[in-house]
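*Asks:* PDB, C-alpha atoms and all ligand atoms, file run39.pdb:
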ATOM      1  CA  MET A   1      12.817  -8.391   9.375
ATOM      2  CA  LYS A   2      11.008  -6.853   6.390
ATOM      3  CA  LEU A   3      12.453  -3.649   4.946
ATOM      4  CA  TYR A   4      10.149  -0.719   4.149
ATOM      5  CA  LEU A   5      10.876   2.735   2.786
ATOM      6  CA  ASP A   6       9.627   5.769   4.683
ATOM      7  CA  THR A   7       8.898   7.965   1.690
ATOM      8  CA  ALA A   8       6.334   9.362  -0.730
ATOM      9  CA  GLU A   9       8.851   9.637  -3.599
ATOM     10  CA  LEU A  10       8.035   7.277  -6.468
ATOM     11  CA  SER A  11      11.615   7.117  -7.762
ATOM     12  CA  GLU A  12      12.818   5.873  -4.368
ATOM     13  CA  VAL A  13      10.116   3.196  -4.211
ATOM     14  CA  GLU A  14      10.966   2.113  -7.759
ATOM     15  CA  SER A  15      14.644   1.768  -6.841
ATOM     16  CA  GLY A  16      13.846  -0.330  -3.778
ATOM     17  CA  VAL A  17      11.631  -2.630  -5.842
ATOM     18  CA  ARG A  18      14.264  -2.925  -8.590
ATOM     19  CA  TRP A  19      16.813  -3.948  -5.967
ATOM     20  CA  GLY A  20      14.447  -6.749  -4.928
ATOM     21  CA  ILE A  21      14.566  -5.959  -1.233
ATOM     22  CA  LEU A  22      11.501  -3.834  -0.565
ATOM     23  CA  ASP A  23       8.355  -5.165   1.116
ATOM     24  CA  GLY A  24       6.418  -1.985   1.703
ATOM     25  CA  VAL A  25       6.266   1.769   2.198
ATOM     26  CA  THR A  26       5.168   4.018   5.032
ATOM     27  CA  THR A  27       4.004   7.559   4.359
ATOM     28  CA  ASN A  28       2.812  10.396   6.537
ATOM     29  CA  PRO A  29       1.476  13.905   5.815
ATOM     30  CA  THR A  30       4.986  15.396   6.107
ATOM     31  CA  LEU A  31       6.426  13.002   3.506
ATOM     32  CA  VAL A  32       3.505  13.596   1.102
ATOM     33  CA  MET A  33       3.894  17.367   1.561
ATOM     34  CA  ARG A  34       7.657  17.098   0.824
ATOM     35  CA  ALA A  35       6.951  15.097  -2.349
ATOM     36  CA  GLY A  36       4.599  17.912  -3.406
ATOM     37  CA  LYS A  37       1.990  15.478  -4.760
ATOM     38  CA  ASP A  38      -1.724  14.868  -4.271
ATOM     39  CA  HIS A  39      -2.199  12.369  -1.426
ATOM     40  CA  GLU A  40      -4.670  10.066  -3.164
ATOM     41  CA  GLU A  41      -2.876  10.042  -6.523
ATOM     42  CA  GLN A  42       0.497   9.377  -4.948
ATOM     43  CA  ILE A  43      -0.696   6.583  -2.654
ATOM     44  CA  LYS A  44      -2.406   4.867  -5.580
ATOM     45  CA  LYS A  45       0.784   5.125  -7.651
ATOM     46  CA  ILE A  46       2.898   3.692  -4.828
ATOM     47  CA  CYS A  47       0.365   0.863  -4.355
ATOM     48  CA  GLY A  48       0.817   0.033  -8.027
ATOM     49  CA  ILE A  49       4.530  -0.548  -7.418
ATOM     50  CA  VAL A  50       4.694  -2.304  -4.046
ATOM     51  CA  GLY A  51       2.411  -3.943  -1.461
ATOM     52  CA  ASN A  52       1.857  -2.845   2.165
ATOM     53  CA  VAL A  53       1.548   0.921   1.797
ATOM     54  CA  SER A  54       0.672   2.842   4.950
ATOM     55  CA  ALA A  55      -1.492   5.934   4.357
ATOM     56  CA  GLU A  56      -2.151   8.211   7.312
ATOM     57  CA  CYS A  57      -5.474   9.625   8.481
ATOM     58  CA  VAL A  58      -5.472  13.328   9.349
ATOM     59  CA  THR A  59      -8.865  13.765  11.009
ATOM     60  CA  GLU A  60      -9.291  13.618  14.792
ATOM     61  CA  SER A  61     -12.709  12.446  15.951
ATOM     62  CA  ARG A  62     -13.631   8.760  15.977
ATOM     63  CA  ASP A  63     -16.402   9.163  13.420
ATOM     64  CA  ASP A  64     -14.276  11.262  11.079
ATOM     65  CA  LEU A  65     -11.414   8.775  11.372
ATOM     66  CA  ILE A  66     -13.725   5.868  10.544
ATOM     67  CA  ALA A  67     -15.006   7.661   7.435
ATOM     68  CA  GLU A  68     -11.488   8.703   6.409
ATOM     69  CA  GLY A  69     -10.072   5.242   7.061
ATOM     70  CA  ARG A  70     -12.753   3.657   4.868
ATOM     71  CA  ARG A  71     -11.959   6.166   2.108
ATOM     72  CA  LEU A  72      -8.197   5.476   2.266
ATOM     73  CA  ALA A  73      -8.720   1.697   2.350
ATOM     74  CA  ALA A  74     -10.950   1.910  -0.751
ATOM     75  CA  TRP A  75      -8.111   3.519  -2.748
ATOM     76  CA  HIS A  76      -6.267   0.201  -3.161
ATOM     77  CA  LYS A  77      -6.075  -3.262  -1.587
ATOM     78  CA  ASN A  78      -2.425  -2.595  -0.618
ATOM     79  CA  VAL A  79      -3.356   0.322   1.667
ATOM     80  CA  ILE A  80      -2.752  -0.044   5.395
ATOM     81  CA  VAL A  81      -4.590   2.707   7.281
ATOM     82  CA  LYS A  82      -2.587   4.648   9.864
ATOM     83  CA  VAL A  83      -4.506   5.861  12.895
ATOM     84  CA  PRO A  84      -3.002   7.809  15.783
ATOM     85  CA  LEU A  85      -2.513   6.426  19.253
ATOM     86  CA  THR A  86      -5.405   8.357  20.777
ATOM     87  CA  PRO A  87      -8.717   7.103  22.201
ATOM     88  CA  ASP A  88     -10.498   8.250  19.033
ATOM     89  CA  GLY A  89      -7.785   6.810  16.809
ATOM     90  CA  LEU A  90      -7.961   3.418  18.472
ATOM     91  CA  GLY A  91     -11.765   3.453  18.612
ATOM     92  CA  ALA A  92     -11.848   4.068  14.871
ATOM     93  CA  GLY A  93      -9.086   1.514  14.304
ATOM     94  CA  ARG A  94     -11.147  -1.151  16.060
ATOM     95  CA  VAL A  95     -14.146  -0.538  13.805
ATOM     96  CA  LEU A  96     -11.990  -0.502  10.668
ATOM     97  CA  ALA A  97     -10.084  -3.637  11.718
ATOM     98  CA  GLY A  98     -13.458  -5.318  12.239
ATOM     99  CA  GLU A  99     -14.243  -4.515   8.608
ATOM    100  CA  GLY A 100     -11.036  -6.217   7.490
ATOM    101  CA  VAL A 101      -8.936  -3.051   7.064
ATOM    102  CA  ARG A 102      -5.276  -3.459   8.059
ATOM    103  CA  ILE A 103      -4.421  -0.889  10.721
ATOM    104  CA  ASN A 104      -1.032   0.671  11.534
ATOM    105  CA  VAL A 105      -1.195   2.444  14.904
ATOM    106  CA  THR A 106       1.247   5.293  14.638
ATOM    107  CA  LEU A 107       3.047   7.627  17.061
ATOM    108  CA  CYS A 108       3.709   4.935  19.675
ATOM    109  CA  PHE A 109       6.121   5.893  22.437
ATOM    110  CA  SER A 110       5.517   3.359  25.230
ATOM    111  CA  VAL A 111       4.850  -0.321  25.879
ATOM    112  CA  ASN A 112       1.433   0.502  27.319
ATOM    113  CA  GLN A 113       0.487   2.341  24.146
ATOM    114  CA  ALA A 114       1.617  -0.698  22.156
ATOM    115  CA  LEU A 115      -0.592  -2.918  24.326
ATOM    116  CA  LEU A 116      -3.544  -0.657  23.484
ATOM    117  CA  ALA A 117      -2.757  -0.999  19.772
ATOM    118  CA  ALA A 118      -2.704  -4.778  20.165
ATOM    119  CA  ALA A 119      -6.051  -4.679  21.974
ATOM    120  CA  ILE A 120      -7.816  -3.297  18.887
ATOM    121  CA  GLY A 121      -6.337  -6.011  16.654
ATOM    122  CA  ALA A 122      -3.994  -3.651  14.805
ATOM    123  CA  TRP A 123      -1.979  -5.188  11.969
ATOM    124  CA  CYS A 124       1.086  -3.327  13.223
ATOM    125  CA  VAL A 125       2.225  -0.736  15.734
ATOM    126  CA  SER A 126       4.860   1.905  14.970
ATOM    127  CA  PRO A 127       7.248   2.833  17.779
ATOM    128  CA  PHE A 128       9.175   5.971  16.751
ATOM    129  CA  VAL A 129      12.819   5.167  17.449
ATOM    130  CA  GLY A 130      14.501   8.370  16.266
ATOM    131  CA  ARG A 131      12.072  10.744  17.944
ATOM    132  CA  LEU A 132      12.718   9.019  21.287
ATOM    133  CA  ASP A 133      16.489   9.185  20.763
ATOM    134  CA  ASP A 134      16.042  12.898  20.008
ATOM    135  CA  ILE A 135      14.801  13.460  23.560
ATOM    136  CA  ASN A 136      17.522  11.291  25.120
ATOM    137  CA  GLU A 137      15.330   8.199  25.503
ATOM    138  CA  ASP A 138      16.111   4.721  24.205
ATOM    139  CA  GLY A 139      14.146   4.248  20.968
ATOM    140  CA  VAL A 140      15.453   0.787  20.123
ATOM    141  CA  GLY A 141      15.017  -0.190  23.778
ATOM    142  CA  LEU A 142      11.307   0.529  23.365
ATOM    143  CA  VAL A 143      11.133  -1.723  20.279
ATOM    144  CA  ARG A 144      12.806  -4.506  22.299
ATOM    145  CA  ASP A 145      10.380  -4.038  25.211
ATOM    146  CA  ILE A 146       7.308  -4.083  22.950
ATOM    147  CA  VAL A 147       8.510  -7.241  21.165
ATOM    148  CA  LYS A 148       9.077  -8.896  24.556
ATOM    149  CA  ALA A 149       5.654  -7.884  25.892
ATOM    150  CA  TYR A 150       3.932  -9.056  22.694
ATOM    151  CA  ARG A 151       5.741 -12.422  22.729
ATOM    152  CA  GLU A 152       5.000 -12.972  26.405
ATOM    153  CA  THR A 153       1.293 -12.309  25.870
ATOM    154  CA  GLY A 154       0.860 -14.009  22.492
ATOM    155  CA  VAL A 155       0.030 -10.802  20.594
ATOM    156  CA  LYS A 156       0.037 -11.119  16.793
ATOM    157  CA  THR A 157       0.323  -7.377  16.016
ATOM    158  CA  LYS A 158       3.575  -6.724  14.153
ATOM    159  CA  VAL A 159       6.187  -4.324  15.518
ATOM    160  CA  LEU A 160       7.226  -1.787  12.878
ATOM    161  CA  SER A 161      10.337   0.122  13.871
ATOM    162  CA  ALA A 162       9.745   3.672  12.575
ATOM    163  CA  SER A 163      11.466   7.054  12.658
ATOM    164  CA  ILE A 164      14.735   5.368  11.786
ATOM    165  CA  ARG A 165      17.599   7.792  11.222
ATOM    166  CA  THR A 166      20.739   5.656  10.860
ATOM    167  CA  PRO A 167      21.918   2.284   9.509
ATOM    168  CA  MET A 168      22.701   1.324  13.117
ATOM    169  CA  HIS A 169      19.008   1.811  13.988
ATOM    170  CA  VAL A 170      18.221  -0.862  11.373
ATOM    171  CA  THR A 171      20.721  -3.359  12.807
ATOM    172  CA  GLN A 172      19.538  -2.678  16.344
ATOM    173  CA  SER A 173      15.862  -3.003  15.339
ATOM    174  CA  ALA A 174      16.598  -6.447  13.888
ATOM    175  CA  HIS A 175      18.380  -7.504  17.083
ATOM    176  CA  ALA A 176      15.418  -6.154  19.076
ATOM    177  CA  GLY A 177      13.100  -8.492  17.153
ATOM    178  CA  ALA A 178      11.175  -5.928  15.058
ATOM    179  CA  ASP A 179       9.050  -7.503  12.316
ATOM    180  CA  ILE A 180       9.517  -4.511  10.010
ATOM    181  CA  ALA A 181      11.879  -1.522   9.823
ATOM    182  CA  THR A 182      10.901   1.526   7.792
ATOM    183  CA  MET A 183      13.641   3.939   6.821
ATOM    184  CA  PRO A 184      14.536   6.924   4.651
ATOM    185  CA  PHE A 185      15.993   6.093   1.224
ATOM    186  CA  LYS A 186      19.500   7.186   2.208
ATOM    187  CA  VAL A 187      19.531   4.698   5.085
ATOM    188  CA  LEU A 188      18.364   1.871   2.800
ATOM    189  CA  GLU A 189      21.097   2.764   0.300
ATOM    190  CA  SER A 190      23.713   2.826   3.042
ATOM    191  CA  MET A 191      22.835  -0.767   4.014
ATOM    192  CA  PHE A 192      24.557  -1.973   0.833
ATOM    193  CA  LYS A 193      27.779  -0.180   1.562
ATOM    194  CA  HIS A 194      30.971  -1.718   2.879
ATOM    195  CA  PRO A 195      34.504  -0.708   1.862
ATOM    196  CA  LEU A 196      35.587  -4.364   1.689
ATOM    197  CA  THR A 197      32.798  -5.104  -0.829
ATOM    198  CA  ASP A 198      34.058  -2.275  -3.059
ATOM    199  CA  LYS A 199      37.689  -3.325  -2.598
ATOM    200  CA  GLY A 200      36.879  -6.998  -3.303
ATOM    201  CA  LEU A 201      34.883  -6.101  -6.408
ATOM    202  CA  ALA A 202      37.696  -3.948  -7.800
ATOM    203  CA  ALA A 203      40.243  -6.718  -7.150
ATOM    204  CA  PHE A 204      38.081  -9.383  -8.838
ATOM    205  CA  ALA A 205      37.509  -7.144 -11.870
ATOM    206  CA  GLU A 206      41.243  -6.483 -12.103
ATOM    207  CA  ASP A 207      42.171 -10.181 -11.748
ATOM    208  CA  TYR A 208      39.580 -11.151 -14.345
ATOM    209  CA  LYS A 209      41.227  -8.767 -16.822
ATOM    210  CA  LYS A 210      44.709 -10.033 -15.899
ATOM    211  CA  GLY A 211      43.614 -13.648 -16.313
ATOM    212  CA  ARG A 212      42.190 -13.000 -19.765
ATOM    213  CA  ALA A 213      45.295 -11.073 -20.821
ATOM    214  CA  ALA A 214      47.534 -13.950 -19.634
ATOM    215  CA  LEU A 215      45.458 -16.504 -21.560
ATOM    216  CA  ALA A 216      45.513 -14.366 -24.684
ATOM    217  CA  ALA A 217      49.307 -14.058 -24.414
ATOM    218  CA  LYS A 218      49.658 -17.879 -24.143
ATOM    219  CA  LYS A 219      47.516 -18.435 -27.223
ATOM    220  CA  GLU A 220      49.330 -15.863 -29.370
ATOM    221  CA  PRO A 221      52.326 -17.990 -30.498
ATOM    222  CA  ALA A 222      49.983 -20.842 -31.597
ATOM    223  CA  ALA A 223      47.788 -18.412 -33.529
ATOM    224  CA  SER A 224      50.798 -16.970 -35.349
ATOM    225  CA  ARG A 225      51.976 -20.494 -36.586
TER
HETATM  226  C1  LIG A 301       6.475   6.182   9.692
HETATM  227  O1  LIG A 301       5.413   5.599   9.633
HETATM  228  C2  LIG A 301       6.650   7.439  10.449
HETATM  229  O2  LIG A 301       5.683   8.370  10.115
HETATM  230  C3  LIG A 301       8.034   7.972  10.238
HETATM  231  O3  LIG A 301       8.967   6.915  10.358
HETATM  232  C4  LIG A 301       8.379   9.141  11.131
HETATM  233  O4  LIG A 301       9.719   9.484  10.955
HETATM  234  P1  LIG A 301      10.343  10.873  11.474
HETATM  235  O5  LIG A 301      10.398  10.828  12.954
HETATM  236  O6  LIG A 301      11.721  10.898  10.874
HETATM  237  O7  LIG A 301       9.454  11.968  10.971
END
Show me, as structure tokens, the structure contained in the file I just sent.

*Replies:*
Amino acid sequence: MKLYLDTAELSEVESGVRWGILDGVTTNPTLVMRAGKDHEEQIKKICGIVGNVSAECVTESRDDLIAEGRRLAAWHKNVIVKVPLTPDGLGAGRVLAGEGVRINVTLCFSVNQALLAAAIGAWCVSPFVGRLDDINEDGVGLVRDIVKAYRETGVKTKVLSASIRTPMHVTQSAHAGADIATMPFKVLESMFKHPLTDKGLAAFAEDYKKGRAALAAKKEPAASR
């Protein structure tokens, strides 16, 4: 499962790339607004750091979405255009996909919606795990069901587990067969953490020092002769 960051913050993307584990970034209007940056400038900067950068359309009609999608795709070859799971969004997505633009169908909350995304040849579909959990539905269960339906019907569209809130969502998305999981920076950071890693590291550092001190003590009498 590829790991993406759900962010519009450059410093977070840079950290993920430095750690060698990041394959892409998803953004949305809320994340761009929180970063307080110009949409186009920020997407171009992120595309300069990492591949597979989802940029979201904000228009509504099919024709407007086609024009907007073309504009976003022209910003950089790494851009994946996000269209909403609406009739207009999918209609536009089909045209854009036909032109070779990679499409991420966003705001997916059911298997049937995911089947519609597959029908337009979307590059990926984004089921929103956390938002379903928020309303007492099974977000990861939806990811599992979409993966199953896609495998059973030979669909190539990738399943991108989105709206991830916890490290457990990441683990569960992997078990559910998601191709990609996109997560906030704090969740990505938390994936590194385990108390036994910290404890083991401290013990090795301590033993290394002890070993060197013991060797130095053995050599001392010879050096003083
Ligand atoms: C990613 O493409 C989505 O826009 C994002 O994961 C939504 O997350 P949220 O539900 O935390 O806003």

*Asks:* Per residue of chain A within 7 Å of ligand LIG 301 (chain A), record the nearest atom pair and its distance in Å to one decimal, counting all atoms listed in the file, with rows in chain order and ascending residue number, as a Markdown table.

*Replies:*
| residue | atom | partner | partner_atom | distance |
| --- | --- | --- | --- | --- |
| A:Asp6 | CA | A:LIG301 | O3 | 5.8 |
| A:Thr26 | CA | A:LIG301 | O1 | 4.9 |
| A:Thr27 | CA | A:LIG301 | O1 | 5.8 |
| A:Asn28 | CA | A:LIG301 | O2 | 5.0 |
| A:Thr106 | CA | A:LIG301 | O1 | 6.5 |
| A:Ser126 | CA | A:LIG301 | O1 | 6.5 |
| A:Phe128 | CA | A:LIG301 | O5 | 6.3 |
| A:Gly130 | CA | A:LIG301 | O5 | 5.8 |
| A:Arg131 | CA | A:LIG301 | O5 | 5.3 |
| A:Ala162 | CA | A:LIG301 | O3 | 4.0 |
| A:Ser163 | CA | A:LIG301 | O3 | 3.4 |
| A:Ile164 | CA | A:LIG301 | O3 | 6.1 |
| A:Arg165 | CA | A:LIG301 | O6 | 6.7 |
| A:Thr182 | CA | A:LIG301 | O3 | 6.3 |
| A:Met183 | CA | A:LIG301 | O3 | 6.6 |

*Asks:* Translate the PyMOL selection byres (((chain A and resi 52-57) around 7) and not hetatm) into a concrete residue list for this structure, as number ranges by chain.

*Replies:* A: 23-29, 47, 50-51, 58-59, 65, 68-69, 78-83

*Asks:* Please evaluate the PyMOL selection byres (((chain A and resi 76) around 9) and not hetatm) against the structure above and give the resulting residues as a list of chain:residue names.

*Replies:*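 Here the PyMOL selection byres (((chain A and resi 76) around 9) and not hetatm) matches A:Ile43, A:Lys44, A:Cys47, A:Gly48, A:Leu72, A:Ala73, A:Ala74, A:Trp75, A:Lys77, A:Asn78, A:Val79.
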
*Asks:* Report as a list in words the full result of the PyMOL selection byres (((chain A and resi 187) around 9) and not hetatm) when it is applied to this structure.

*Replies:*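 Expected selection for the PyMOL selection byres (((chain A and resi 187) around 9) and not hetatm) here is Ile164, Arg165, Thr166, Pro167, Val170, Met183, Pro184, Phe185, Lys186, Leu188, Glu189, Ser190 and Met191 of chain A.
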
*Asks:* For the atom pair CA of Asp88 (chain A) and CA of Ser110 (chain A), what is the interatomic distance in Å to one decimal place?

*Replies:* 17.9 Å

*Asks:* Using all atoms listed in the file, collect all residues at a distance of at most 9 Å from (10.4, 10.2, -2.3) as written in the file, then present them as a VMD selection string.

*Replies:* chain A and resid 6 to 13 31 to 32 34 to 35 184 to 185

*Asks:* Using only C-alpha atoms, please write the residues we just selected to a file, as a PDB file, in the frame of the given file.

*Replies:*
ATOM      1  CA  ASP A   6       9.627   5.769   4.683  1.00  0.00           C
ATOM      2  CA  THR A   7       8.898   7.965   1.690  1.00  0.00           C
ATOM      3  CA  ALA A   8       6.334   9.362  -0.730  1.00  0.00           C
ATOM      4  CA  GLU A   9       8.851   9.637  -3.599  1.00  0.00           C
ATOM      5  CA  LEU A  10       8.035   7.277  -6.468  1.00  0.00           C
ATOM      6  CA  SER A  11      11.615   7.117  -7.762  1.00  0.00           C
ATOM      7  CA  GLU A  12      12.818   5.873  -4.368  1.00  0.00           C
ATOM      8  CA  VAL A  13      10.116   3.196  -4.211  1.00  0.00           C
ATOM      9  CA  LEU A  31       6.426  13.002   3.506  1.00  0.00           C
ATOM     10  CA  VAL A  32       3.505  13.596   1.102  1.00  0.00           C
ATOM     11  CA  ARG A  34       7.657  17.098   0.824  1.00  0.00           C
ATOM     12  CA  ALA A  35       6.951  15.097  -2.349  1.00  0.00           C
ATOM     13  CA  PRO A 184      14.536   6.924   4.651  1.00  0.00           C
ATOM     14  CA  PHE A 185      15.993   6.093   1.224  1.00  0.00           C
TER      15      PHE A 185
END

*Asks:* Counting all atoms listed in the file, which of A:Asn112, A:Ser61, A:Ser161, A:Thr30 gets nearest to Ala176 (chain A)?

*Replies:*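 So, comparing all the options, the nearest one is A:Ser161.
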
*Asks:* Can you tell me how far CA of Gly141 (chain A) sits from CA of Thr157 (chain A), in Å to one decimal?

*Replies:* 18.1 Å

*Asks:* Counting only C-alpha atoms, figure out which residue out of A:Asp64, A:Lys158, A:Lys148, A:His194 gets nearest to Arg102 (chain A).

*Replies:*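 Counting only C-alpha atoms, the residue closest to Arg102 (chain A) is A:Lys158.
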
*Asks:* Do you have the CA of Val143 (chain A)-CA of Ala117 (chain A) distance handy?

*Replies:*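 CA of Val143 (chain A) sits 13.9 Å away from CA of Ala117 (chain A).
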
*Asks:* So for region 18-25 of chain A, what box centre and size do we get, axis-aligned, 6 Å extra on each of the six sides, every listed atom, Å to one decimal, as lines of an AutoDock Vina configuration file?

*Replies:*
center_x = 11.5
center_y = -2.5
center_z = -3.2
size_x = 22.5
size_y = 20.5
size_z = 22.8

*Asks:* So, with only C-alpha atoms as the atoms that count, which of A:Val159, A:Leu22, A:Ala203, A:Glu137 lies closest to Val105 (chain A)?

*Replies:*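 Result for the nearest residue to Val105 (chain A): A:Val159.
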
*Asks:* Considering all atoms listed in the file, state which residue in the set A:Val125, A:Ile135, A:Met33, A:Leu3 is at the smallest distance from Ile21 (chain A).

*Replies:*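 Nearest to Ile21 (chain A): A:Leu3.
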
*Asks:* Go ahead and find all residues with at least one atom no further than 7 Å from (10.6, -6.2, 8.9) in the file's coordinates, using all atoms listed in the file; report them as a PyMOL selection string.

*Replies:* chain A and resi 1-3+160+178-181

*Asks:* For Gly139 (chain A), which residue out of A:His169, A:His39, A:Lys193, A:Arg151 is the nearest one, using all atoms listed in the file?

*Replies:*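 Distance minimum relative to Gly139 (chain A) lands on A:His169.
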
*Asks:* Can you patch up region 52-64 of chain A, filling it in to N, CA and C atoms, and show the result as a PDB file, in the frame of the given file?

*Replies:*
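The result, stored in result-v4.pdb:
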ATOM      1  N   ASN A  52       1.684  -3.341   0.793  1.00  0.00           N
ATOM      2  CA  ASN A  52       1.857  -2.845   2.165  1.00  0.00           C
ATOM      3  C   ASN A  52       2.216  -1.362   2.243  1.00  0.00           C
ATOM      4  N   VAL A  53       1.291  -0.525   1.822  1.00  0.00           N
ATOM      5  CA  VAL A  53       1.548   0.921   1.797  1.00  0.00           C
ATOM      6  C   VAL A  53       0.713   1.614   2.883  1.00  0.00           C
ATOM      7  N   SER A  54       1.389   2.146   3.876  1.00  0.00           N
ATOM      8  CA  SER A  54       0.672   2.842   4.950  1.00  0.00           C
ATOM      9  C   SER A  54       0.295   4.253   4.509  1.00  0.00           C
ATOM     10  N   ALA A  55      -0.994   4.588   4.660  1.00  0.00           N
ATOM     11  CA  ALA A  55      -1.492   5.934   4.357  1.00  0.00           C
ATOM     12  C   ALA A  55      -2.135   6.474   5.631  1.00  0.00           C
ATOM     13  N   GLU A  56      -1.771   7.698   5.987  1.00  0.00           N
ATOM     14  CA  GLU A  56      -2.151   8.211   7.312  1.00  0.00           C
ATOM     15  C   GLU A  56      -3.434   9.041   7.288  1.00  0.00           C
ATOM     16  N   CYS A  57      -4.284   8.797   8.282  1.00  0.00           N
ATOM     17  CA  CYS A  57      -5.474   9.625   8.481  1.00  0.00           C
ATOM     18  C   CYS A  57      -5.054  10.958   9.096  1.00  0.00           C
ATOM     19  N   VAL A  58      -5.813  12.014   8.780  1.00  0.00           N
ATOM     20  CA  VAL A  58      -5.472  13.328   9.349  1.00  0.00           C
ATOM     21  C   VAL A  58      -6.612  13.931  10.170  1.00  0.00           C
ATOM     22  N   THR A  59      -7.750  13.240  10.211  1.00  0.00           N
ATOM     23  CA  THR A  59      -8.865  13.765  11.009  1.00  0.00           C
ATOM     24  C   THR A  59      -8.666  13.362  12.474  1.00  0.00           C
ATOM     25  N   GLU A  60      -9.544  13.844  13.363  1.00  0.00           N
ATOM     26  CA  GLU A  60      -9.291  13.618  14.792  1.00  0.00           C
ATOM     27  C   GLU A  60     -10.378  12.834  15.520  1.00  0.00           C
ATOM     28  N   SER A  61     -11.655  13.119  15.189  1.00  0.00           N
ATOM     29  CA  SER A  61     -12.709  12.446  15.951  1.00  0.00           C
ATOM     30  C   SER A  61     -12.891  11.014  15.449  1.00  0.00           C
ATOM     31  N   ARG A  62     -13.448  10.173  16.322  1.00  0.00           N
ATOM     32  CA  ARG A  62     -13.631   8.760  15.977  1.00  0.00           C
ATOM     33  C   ARG A  62     -14.434   8.596  14.690  1.00  0.00           C
ATOM     34  N   ASP A  63     -15.548   9.324  14.592  1.00  0.00           N
ATOM     35  CA  ASP A  63     -16.402   9.163  13.420  1.00  0.00           C
ATOM     36  C   ASP A  63     -15.704   9.629  12.148  1.00  0.00           C
ATOM     37  N   ASP A  64     -14.994  10.765  12.259  1.00  0.00           N
ATOM     38  CA  ASP A  64     -14.276  11.262  11.079  1.00  0.00           C
ATOM     39  C   ASP A  64     -13.176  10.279  10.665  1.00  0.00           C
TER      40      ASP A  64
END
